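File shown here: upload36.cif, holding mmCIF, C-alpha atoms.
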```cif
data_work
#
loop_
_atom_site.label_atom_id
_atom_site.label_comp_id
_atom_site.auth_asym_id
_atom_site.auth_seq_id
_atom_site.Cartn_x
_atom_site.Cartn_y
_atom_site.Cartn_z
CA MET A 12 29.01 -26.93 50.10
CA ALA A 13 25.82 -28.98 50.39
CA ALA A 14 24.33 -28.30 53.78
CA GLU A 15 21.02 -30.08 53.55
CA GLY A 16 21.87 -32.52 56.30
CA GLY A 17 23.71 -29.91 58.32
CA THR A 18 27.37 -29.44 59.16
CA ALA A 19 29.01 -29.50 62.56
CA ALA A 20 28.88 -26.14 64.26
CA GLU A 21 32.49 -26.23 65.37
CA ALA A 22 33.70 -26.66 61.79
CA LEU A 23 32.11 -23.38 60.70
CA VAL A 24 33.26 -21.07 63.52
CA GLY A 25 34.85 -17.99 62.02
CA GLN A 26 33.40 -18.63 58.57
CA VAL A 27 30.58 -17.07 56.63
CA VAL A 28 27.18 -18.72 57.12
CA LEU A 29 24.00 -17.96 55.17
CA PRO A 30 20.32 -18.24 56.17
CA GLY A 31 19.06 -21.76 55.71
CA ASP A 32 22.30 -23.43 56.82
CA LEU A 33 21.73 -26.06 59.47
CA LEU A 34 24.34 -26.42 62.19
CA LEU A 35 24.64 -29.69 64.07
CA LEU A 36 25.63 -29.60 67.68
CA PRO A 37 28.00 -32.05 69.32
CA ALA A 38 26.52 -35.14 70.90
CA HIS A 39 26.73 -34.04 74.53
CA TYR A 40 24.22 -31.25 73.95
CA ASP A 41 21.43 -33.75 73.29
CA GLU A 42 17.91 -32.34 73.28
CA ASP A 43 16.61 -35.10 75.54
CA ALA A 44 19.02 -34.20 78.35
CA GLU A 45 16.99 -31.20 79.43
CA GLY A 46 17.60 -31.75 83.12
CA GLU A 47 20.77 -32.72 84.91
CA ARG A 48 22.48 -35.79 83.64
CA LEU A 49 24.29 -37.89 86.21
CA ARG A 50 27.85 -38.51 85.24
CA LEU A 51 29.55 -41.49 86.72
CA SER A 52 33.00 -40.27 85.77
CA ALA A 53 34.42 -36.78 85.43
CA GLY A 54 33.52 -36.34 81.77
CA THR A 55 35.15 -33.85 79.44
CA ALA A 56 31.75 -32.51 78.36
CA PRO A 57 31.27 -28.89 79.49
CA GLN A 58 28.58 -28.20 82.07
CA GLY A 59 25.77 -25.76 81.59
CA ARG A 60 23.39 -25.05 78.73
CA LEU A 61 24.31 -23.92 75.28
CA LEU A 62 23.31 -20.32 74.51
CA CYS A 63 21.84 -19.65 71.08
CA GLY A 64 22.62 -16.02 70.22
CA PRO A 65 21.46 -13.52 67.58
CA GLY A 66 21.13 -14.89 64.08
CA LEU A 67 20.40 -18.46 65.19
CA ARG A 68 17.22 -20.35 66.00
CA ARG A 69 16.76 -23.79 67.50
CA SER A 70 15.26 -26.22 65.03
CA GLY A 71 15.00 -29.94 65.61
CA ALA A 72 18.42 -31.40 66.16
CA GLY A 73 20.46 -28.30 65.58
CA LEU A 74 20.58 -24.58 65.00
CA LEU A 75 19.13 -22.86 61.93
CA VAL A 76 21.02 -19.81 60.72
CA THR A 77 18.65 -16.88 60.03
CA LYS A 78 21.11 -14.07 59.23
CA CYS A 79 24.23 -14.00 57.08
CA GLY A 80 27.53 -13.28 58.78
CA LEU A 81 30.48 -14.85 60.57
CA LEU A 82 29.76 -17.63 63.06
CA ARG A 83 31.31 -16.98 66.47
CA HIS A 84 31.71 -19.24 69.48
CA ARG A 85 32.45 -18.55 73.14
CA PRO A 86 33.52 -21.65 75.02
CA GLY A 87 32.97 -20.46 78.62
CA GLY A 88 29.98 -21.43 80.77
CA GLY A 89 28.29 -24.02 78.58
CA GLY A 90 29.21 -22.30 75.38
CA ALA A 91 27.46 -19.80 73.16
CA TYR A 92 27.09 -19.58 69.40
CA TRP A 93 26.04 -16.45 67.53
CA VAL A 94 26.25 -14.85 64.10
CA ASP A 95 28.24 -11.62 63.75
CA SER A 96 26.31 -9.75 61.06
CA GLN A 97 26.54 -6.26 59.57
CA GLN A 98 23.33 -4.37 59.73
CA LYS A 99 22.26 -0.74 59.60
CA ARG A 100 18.78 -1.01 61.05
CA TYR A 101 18.56 -1.32 64.81
CA VAL A 102 16.17 -3.65 66.68
CA PRO A 103 15.80 -2.73 70.38
CA VAL A 104 17.29 -5.26 72.79
CA LYS A 105 16.96 -5.19 76.58
CA GLY A 106 20.05 -3.84 78.31
CA ASP A 107 21.47 -2.02 75.30
CA HIS A 108 22.80 1.50 75.85
CA VAL A 109 21.50 3.79 73.09
CA ILE A 110 21.32 7.45 72.11
CA GLY A 111 17.75 8.65 71.66
CA ILE A 112 16.36 11.92 70.29
CA VAL A 113 13.38 13.39 72.20
CA THR A 114 10.50 13.82 69.77
CA ALA A 115 7.57 14.58 72.09
CA LYS A 116 6.58 15.17 75.67
CA ALA A 117 3.34 13.42 76.55
CA GLY A 118 2.41 14.16 80.12
CA ASP A 119 4.88 12.38 82.38
CA VAL A 120 6.61 10.48 79.63
CA PHE A 121 9.04 11.47 76.89
CA ARG A 122 8.90 9.83 73.47
CA LEU A 123 12.34 9.09 72.04
CA ASP A 124 13.37 8.12 68.55
CA VAL A 125 15.92 5.31 68.87
CA GLY A 126 15.98 4.19 65.26
CA GLY A 127 13.72 1.18 65.75
CA SER A 128 10.24 0.58 64.40
CA GLU A 129 8.55 2.21 67.42
CA PRO A 130 9.46 5.25 69.51
CA ALA A 131 10.69 4.39 73.01
CA SER A 132 9.19 5.88 76.15
CA LEU A 133 11.18 7.41 79.00
CA SER A 134 9.58 8.44 82.26
CA TYR A 135 10.65 11.74 83.78
CA LEU A 136 11.32 9.93 87.08
CA ALA A 137 13.95 7.70 85.47
CA PHE A 138 16.75 10.21 85.96
CA GLU A 139 19.15 10.37 88.88
CA GLY A 140 17.80 12.61 91.63
CA ALA A 141 14.47 13.21 89.89
CA THR A 142 11.33 13.57 91.99
CA LYS A 143 7.86 14.84 91.26
CA ARG A 144 8.93 18.33 92.36
CA ASN A 145 12.43 18.19 90.84
CA ARG A 146 11.82 17.44 87.16
CA PRO A 147 14.69 17.03 84.69
CA ASN A 148 15.07 19.80 82.15
CA VAL A 149 14.43 17.91 78.91
CA GLN A 150 13.28 19.68 75.75
CA VAL A 151 12.13 18.31 72.40
CA GLY A 152 15.21 17.70 70.26
CA ASP A 153 17.54 16.87 73.16
CA LEU A 154 19.86 13.85 73.01
CA ILE A 155 19.54 11.27 75.77
CA TYR A 156 21.88 8.37 76.52
CA GLY A 157 20.04 5.59 78.31
CA GLN A 158 19.44 1.87 78.42
CA PHE A 159 16.43 -0.30 77.67
CA VAL A 160 14.56 -1.98 80.53
CA VAL A 161 11.81 -3.37 78.33
CA ALA A 162 12.53 -4.24 74.72
CA ASN A 163 10.84 -7.15 73.00
CA LYS A 164 8.86 -7.62 69.84
CA ASP A 165 5.47 -7.45 71.55
CA MET A 166 5.74 -4.27 73.62
CA GLU A 167 6.75 -0.68 73.14
CA PRO A 168 10.40 -0.24 74.24
CA GLU A 169 11.01 1.60 77.52
CA MET A 170 14.22 3.37 78.49
CA VAL A 171 15.70 4.61 81.72
CA CYS A 172 18.69 6.80 82.55
CA ILE A 173 19.56 5.14 85.86
CA ASP A 174 20.95 1.70 86.55
CA SER A 175 19.52 -0.83 89.02
CA SER A 176 21.06 0.91 92.03
CA GLY A 177 19.61 4.32 91.16
CA ARG A 178 22.84 5.95 89.96
CA SER A 179 23.17 7.50 86.53
CA SER A 180 26.60 5.97 85.70
CA GLY A 181 27.15 8.18 82.68
CA MET A 182 23.61 8.14 81.35
CA GLY A 183 21.30 11.12 81.01
CA ILE A 184 20.95 14.19 78.83
CA ILE A 185 23.89 14.76 76.48
CA GLY A 186 25.21 18.31 76.65
CA GLN A 187 25.19 21.15 74.19
CA ASP A 188 27.17 21.32 70.95
CA GLY A 189 28.85 18.25 69.52
CA PHE A 190 27.84 16.30 66.43
CA LEU A 191 25.54 13.29 66.11
CA PHE A 192 25.86 10.92 63.17
CA LYS A 193 24.89 7.39 62.23
CA VAL A 194 27.10 4.41 61.34
CA SER A 195 26.45 0.72 60.90
CA LEU A 196 25.97 -1.51 63.92
CA GLY A 197 29.04 -3.58 63.13
CA LEU A 198 31.33 -0.56 63.44
CA ILE A 199 29.85 0.33 66.83
CA ARG A 200 30.55 -3.16 68.12
CA LYS A 201 34.11 -2.91 66.84
CA LEU A 202 34.59 0.45 68.58
CA LEU A 203 33.14 -0.88 71.83
CA ALA A 204 35.53 -3.81 71.97
CA PRO A 205 38.10 -3.47 74.75
CA LYS A 206 41.36 -1.77 73.69
CA CYS A 207 39.99 -0.62 70.37
CA GLU A 208 42.87 0.65 68.23
CA ILE A 209 40.79 3.25 66.41
CA ILE A 210 39.85 5.07 69.62
CA GLN A 211 43.39 4.91 70.96
CA GLU A 212 44.85 6.34 67.77
CA LEU A 213 42.23 9.09 67.61
CA SER A 214 42.79 10.10 71.22
CA GLN A 215 46.43 10.77 70.41
CA LEU A 216 45.30 13.17 67.72
CA TYR A 217 42.99 15.55 69.62
CA PRO A 218 41.19 15.36 72.97
CA PHE A 219 37.45 14.75 72.43
CA GLU A 220 34.30 13.45 74.08
CA LEU A 221 32.61 10.44 72.55
CA VAL A 222 29.27 8.72 73.22
CA LEU A 223 28.55 5.46 71.37
CA GLY A 224 24.97 4.22 71.11
CA MET A 225 24.29 0.59 70.22
CA ASN A 226 21.65 1.82 67.78
CA GLY A 227 24.36 3.03 65.42
CA ARG A 228 24.49 6.64 66.66
CA ILE A 229 27.72 8.35 67.69
CA TRP A 230 28.02 11.76 69.36
CA VAL A 231 31.39 13.54 69.18
CA LYS A 232 32.54 16.81 70.67
CA ALA A 233 36.04 18.28 70.34
CA LYS A 234 37.44 21.72 71.13
CA THR A 235 36.71 23.32 67.75
CA VAL A 236 34.17 22.60 65.02
CA GLN A 237 36.92 21.67 62.58
CA GLN A 238 38.44 19.07 64.92
CA THR A 239 34.97 17.61 65.53
CA LEU A 240 34.34 17.24 61.81
CA ILE A 241 37.73 15.63 61.24
CA ILE A 242 36.99 13.01 63.90
CA VAL A 243 33.53 12.41 62.42
CA ASN A 244 34.97 11.84 58.95
CA ILE A 245 37.58 9.42 60.25
CA LEU A 246 35.03 7.41 62.22
CA GLU A 247 32.70 7.18 59.24
CA ALA A 248 35.51 6.13 56.92
CA CYS A 249 36.90 3.58 59.40
CA GLU A 250 34.36 1.07 58.30
CA TYR A 251 35.86 0.70 54.85
CA MET A 252 39.51 1.37 55.58
CA THR A 253 42.08 -1.23 56.53
CA ALA A 254 44.36 -0.61 59.49
CA GLU A 255 47.26 0.64 57.31
CA GLN A 256 45.09 3.11 55.42
CA ARG A 257 43.77 4.46 58.69
CA LYS A 258 47.29 4.88 60.12
CA GLN A 259 48.32 6.73 56.97
CA ALA A 260 45.33 9.06 57.16
CA LEU A 261 45.99 9.84 60.81
CA ALA A 262 49.70 10.40 60.19
CA LYS A 263 48.82 12.91 57.47
CA LEU A 264 46.48 14.75 59.82
CA SER A 265 48.80 14.91 62.78
CA GLY A 266 51.55 16.13 60.48
CA ASN A 267 49.44 19.13 59.35
CA GLY B 22 -0.21 -1.66 35.31
CA VAL B 23 -1.56 -5.15 35.73
CA LEU B 24 1.74 -6.82 34.79
CA GLU B 25 3.66 -4.91 37.46
CA ARG B 26 0.98 -5.72 40.00
CA SER B 27 1.19 -9.42 39.27
CA ARG B 28 4.99 -9.31 39.56
CA GLU B 29 4.65 -7.52 42.90
CA GLN B 30 2.24 -10.20 44.12
CA LEU B 31 4.57 -13.03 43.08
CA LEU B 32 7.55 -11.36 44.76
CA ARG B 33 5.53 -10.72 47.88
CA GLN B 34 4.37 -14.30 48.20
CA THR B 35 7.89 -15.58 47.75
CA CYS B 36 9.36 -13.22 50.33
CA GLU B 37 6.60 -13.95 52.83
CA ALA B 38 7.33 -17.66 52.56
CA VAL B 39 10.93 -17.27 53.74
CA LEU B 40 10.80 -14.20 55.98
CA LEU B 41 10.42 -14.90 59.71
CA GLY B 42 7.67 -12.38 60.25
CA VAL B 43 7.05 -13.76 63.72
CA LEU B 44 10.01 -11.78 64.97
CA HIS B 45 8.59 -8.47 63.75
CA PRO B 46 4.89 -8.18 64.61
CA ARG B 47 2.94 -5.04 63.74
CA THR B 48 5.74 -3.97 61.42
CA ALA B 49 5.63 -3.20 57.71
CA ILE B 50 8.58 -4.42 55.69
CA SER B 51 8.68 -2.69 52.32
CA LEU B 52 10.88 -3.74 49.46
CA VAL B 53 11.46 -1.31 46.60
CA LEU B 54 12.90 -2.58 43.32
CA GLN B 55 13.95 -0.13 40.59
CA VAL B 56 14.48 -1.56 37.11
CA LEU B 57 17.61 0.00 35.62
CA SER B 58 17.78 -2.10 32.48
CA ASP B 59 15.73 -5.04 31.22
CA ALA B 60 17.47 -7.53 28.94
CA GLY B 61 15.09 -10.44 29.53
CA SER B 62 14.33 -12.71 32.53
CA LEU B 63 13.13 -9.69 34.51
CA LEU B 64 11.13 -11.56 37.12
CA SER B 65 13.95 -13.89 38.14
CA CYS B 66 16.33 -10.92 38.23
CA CYS B 67 13.89 -9.19 40.60
CA LEU B 68 13.73 -12.30 42.77
CA ASN B 69 17.51 -12.53 43.05
CA ALA B 70 17.81 -8.83 43.81
CA ALA B 71 15.09 -9.10 46.45
CA CYS B 72 16.84 -11.99 48.17
CA MET B 73 20.17 -10.16 48.27
CA ALA B 74 18.47 -7.03 49.60
CA LEU B 75 16.81 -8.96 52.42
CA LEU B 76 20.14 -10.62 53.19
CA ASP B 77 21.97 -7.29 53.25
CA ALA B 78 19.36 -5.63 55.44
CA GLY B 79 19.80 -8.28 58.12
CA LEU B 80 16.19 -9.45 58.15
CA PRO B 81 15.74 -12.93 59.64
CA LEU B 82 15.21 -15.48 56.87
CA ALA B 83 14.41 -19.17 57.14
CA ALA B 84 16.12 -19.91 53.83
CA LEU B 85 17.47 -18.14 50.76
CA PHE B 86 15.61 -18.09 47.46
CA CYS B 87 16.56 -17.45 43.86
CA GLY B 88 14.71 -17.00 40.60
CA VAL B 89 15.38 -18.97 37.41
CA THR B 90 13.65 -18.41 34.06
CA CYS B 91 13.31 -21.14 31.44
CA ALA B 92 12.26 -20.57 27.86
CA LEU B 93 10.72 -23.46 25.90
CA GLN B 94 11.61 -23.07 22.27
CA PRO B 95 9.28 -24.23 19.48
CA ASP B 96 11.48 -27.28 18.85
CA GLY B 97 11.32 -28.38 22.49
CA THR B 98 14.78 -27.34 23.74
CA ILE B 99 14.99 -25.67 27.14
CA LEU B 100 16.92 -22.39 27.42
CA LEU B 101 17.82 -20.96 30.82
CA ASP B 102 18.03 -17.19 31.43
CA PRO B 103 16.65 -16.20 28.00
CA THR B 104 17.34 -12.78 26.52
CA ALA B 105 14.43 -10.56 25.49
CA ARG B 106 14.71 -11.80 21.89
CA GLN B 107 14.67 -15.45 22.94
CA GLU B 108 11.68 -14.80 25.19
CA GLN B 109 9.69 -13.44 22.28
CA GLU B 110 10.47 -16.39 20.05
CA ALA B 111 9.81 -19.01 22.74
CA ARG B 112 6.68 -21.10 22.95
CA ALA B 113 6.45 -20.81 26.71
CA ILE B 114 8.35 -19.00 29.48
CA LEU B 115 8.44 -20.49 32.96
CA THR B 116 9.83 -18.72 36.02
CA PHE B 117 10.51 -20.60 39.24
CA ALA B 118 11.49 -19.32 42.68
CA ILE B 119 13.57 -22.00 44.40
CA ALA B 120 14.50 -22.12 48.07
CA SER B 121 17.95 -23.07 49.30
CA SER B 122 16.65 -25.73 51.70
CA ASN B 123 16.32 -28.93 49.63
CA ARG B 124 15.69 -26.91 46.45
CA LYS B 125 11.96 -26.59 47.19
CA VAL B 126 9.80 -24.61 44.77
CA LEU B 127 8.34 -21.47 46.33
CA MET B 128 6.69 -19.95 43.29
CA ALA B 129 6.06 -20.99 39.70
CA THR B 130 4.59 -18.89 36.94
CA THR B 131 4.09 -19.68 33.26
CA LYS B 132 3.46 -17.59 30.19
CA GLY B 133 2.41 -19.58 27.16
CA SER B 134 1.47 -23.25 27.04
CA CYS B 135 3.50 -26.36 27.69
CA SER B 136 2.85 -29.98 28.65
CA VAL B 137 3.25 -31.35 32.14
CA GLU B 138 6.40 -33.33 31.24
CA GLU B 139 8.01 -30.26 29.74
CA MET B 140 7.24 -28.32 32.90
CA GLN B 141 8.84 -31.06 35.01
CA GLN B 142 11.94 -30.97 32.82
CA CYS B 143 12.17 -27.20 33.12
CA LEU B 144 11.77 -27.49 36.87
CA ALA B 145 14.60 -30.00 37.12
CA ALA B 146 16.87 -27.78 35.01
CA ALA B 147 15.97 -24.78 37.14
CA GLN B 148 16.75 -26.62 40.36
CA ARG B 149 20.17 -27.53 39.04
CA ALA B 150 20.83 -23.96 37.96
CA ALA B 151 19.76 -22.66 41.36
CA SER B 152 22.91 -24.10 42.91
CA THR B 153 25.01 -21.73 40.80
CA VAL B 154 23.03 -18.73 42.01
CA PHE B 155 23.33 -19.79 45.65
CA GLN B 156 27.06 -20.20 45.24
CA PHE B 157 27.16 -16.63 43.88
CA TYR B 158 25.32 -15.41 46.99
CA ARG B 159 27.82 -17.21 49.20
CA ASP B 160 30.79 -15.76 47.32
CA SER B 161 29.40 -12.22 47.50
CA VAL B 162 28.78 -12.47 51.23
CA ARG B 163 32.21 -13.95 51.74
CA ARG B 164 33.80 -11.05 49.86
CA ARG B 165 31.88 -8.55 51.93
CA TYR B 166 32.86 -10.07 55.26
CA SER B 167 36.48 -10.54 54.25
CA LYS B 168 37.03 -6.81 54.71
CA CYS B 169 36.09 -6.80 58.38
#
```
Written as structure tokens, that's how I'd like the structure from this file.
Amino acid sequence: MAAEGGTAAEALVGQVVLPGDLLLLPAHYDEDAEGERLRLSAGTAPQGRLLCGPGLRRSGAGLLVTKCGLLRHRPGGGGAYWVDSQQKRYVPVKGDHVIGIVTAKAGDVFRLDVGGSEPASLSYLAFEGATKRNRPNVQVGDLIYGQFVVANKDMEPEMVCIDSSGRSSGMGIIGQDGFLFKVSLGLIRKLLAPKCEIIQELSQLYPFELVLGMNGRIWVKAKTVQQTLIIVNILEACEYMTAEQRKQALAKLSGN
Amino acid sequence: GVLERSREQLLRQTCEAVLLGVLHPRTAISLVLQVLSDAGSLLSCCLNAACMALLDAGLPLAALFCGVTCALQPDGTILLDPTARQEQEARAILTFAIASSNRKVLMATTKGSCSVEEMQQCLAAAQRAASTVFQFYRDSVRRRYSKC
């Protein structure tokens, strides 16, 4: 498929795109209509600006694909295009909830390894109910579930364990025991989708606690060590199993 | 040795031309290639492997690239992807790195001597052959994402 001149973006939604492919946008997203355009009649063109998501860059008349993957489109609110790609290495993004491992305490700030190119910093005041007198009990080697407030390519990433209203909403230090392991980012996104089948099927097997970090890290804790390891093995294998194979594996386990 | 160093330099220049390093400042990106078996056309094999590795790792690329080797035989015929035997008998060996956007040449290296016209002919043949390699990339990626 010769794509030197570019192909229409809508034609490629749901298909594999490779870096270097040029996507042409429909005519009503013209570059010269930066501001509001007066419409004399109620046009069918959607309002709002087009969002260019991960894996795409604006270039001239269209979008240049920079990562390989499946092209996705969301029609609401002006529309958004992005590339759904499989990756193992995490790049910090603002607002992502991740699991970090404390590697050092430097004065008032903890250094966390989040799997990116730089360690993230977490202030001791960024916990719910923390004051200068009431410090959180964080040791080196602890697991922390938090979100990024600052994460761009120019600055060191910063995390917090409270949301904008000051409540922890599930974030903070992850408790004792349990098992932490790493999977690819695509699997995490699949597990985080609403009504994920894998999680529903697993919850019928044993009760367990699960924390999913967008940096590819998963923490699992079940009643016994053996149950925990079974769940870990299933989650790791889920990436390469089809739905039928997974149902067979789970049926075998619940039969035992 | 010196030969490995020069191959590393050529690979590095090619990768730097397509990688969007702007998105990763103050970061080292290291690419490690391990030769398992060498049956000729080693440099273009390394280029293809490097491109697939960058693609698989999810690094932002402006375009794909591939490597094509041409061997100029003593009687003037052009042979693409020569084996080690054919490389030894050839008069000149030319390796080109070709980008997927408009088949631009990113890197060209020659061993032996050839005339300018012969080099142009080899370049044209390499650009045509590059399409086959890019189609292979597309098919591999398609196969990988068909399992999701």
Original post:
If the PyMOL selection byres ((chain A and resi 206-215) around 12) is run on the structure shown, which residues does it catch, given as a VMD selection string?
Top reply: chain A and resid 198 to 205 216 to 223 231 233 238 to 239 241 to 250 252 to 262 264 to 265
Subject >> Point-to-point distance from atom CA of B:Thr35 to atom CA of B:Phe86, Å rounded to tenths >> reply: 8.1 Å
**OP:** Give me the result of the PyMOL selection byres ((chain B and resi 154) around 12) on this file, residue by residue, as a count of residues only.
**Re:** 32
Subject >> Polymer residues at most 12 Å from A:Leu36, all atoms listed in the file, same-chain spacing of 6 or more positions, as an NGL selection string >> reply: :A and (17-23 or 42 or 61-63 or 69-75 or 90-92)
Subject >> chain A contacts on chain B, only C-alpha atoms, 8 Å, as an NGL selection string >> reply: :B and (44-46 or 48 or 76-85 or 121-123 or 159 or 162-163 or 166 or 168)
Subject >> Result set, the PyMOL selection byres ((chain B and resi 61) around 6) on current file, as an MDAnalysis selection string >> reply: chainID B and resid 59:60 62:63 104:105
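Separating atom CA of B:Ala92 from atom CA of B:Leu57 is a distance of 22.6 Å.
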**OP:** Kindly indicate which residue among B:Glu37, B:Glu139, B:Glu110, B:Glu29 lies nearest to B:Gly97, using all atoms listed in the file for the distances.
**Re:**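 Of B:Glu37, B:Glu139, B:Glu110, B:Glu29, the one nearest B:Gly97 is B:Glu139, counting all atoms listed in the file.
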**OP:** Would you mind listing what lies within 12 Å of A:Ser175 as a ChimeraX atom specification, with all atoms listed in the file counted and same-chain residues fewer than 5 positions away left out?
**Re:** /A:106,137-139,158-160,180
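Take the candidates A:Phe192, A:Gly227, A:Val109, A:Pro103 and check each one against A:Glu167 using all atoms listed in the file; the shortest distance goes to A:Pro103.
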Subject >> Surrounding residues of A:Lys143 excluding itself and chain neighbours under 5 positions, 10 Å, only C-alpha atoms, as a PyMOL selection string >> reply: chain A and resi 119+135-136
Subject >> Neighbour residues at most 8 Å from (11.2, -18.5, 31.0) (only C-alpha atoms) as a list in words >> reply: Ser62, Val89, Thr90, Cys91, Ala92, Leu93, Leu100, Leu101, Asp102, Pro103, Glu108, Ala113, Ile114, Leu115, Thr116, Thr131 and Lys132 of chain B
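Note that atom CA of A:Ile229 and atom CA of B:Arg47 are 28.4 Å apart.
Counting all atoms listed in the file and comparing B:Gly42, B:Cys135, B:Ser27, B:Leu32, the residue that lies closest to B:Phe117 is B:Leu32.
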Original post:
Restricting the calculation to all atoms listed in the file, which member of A:Val151, A:Val161, A:Ala141, A:Cys172 is positioned closest to A:Phe121?
Top reply: A:Val151
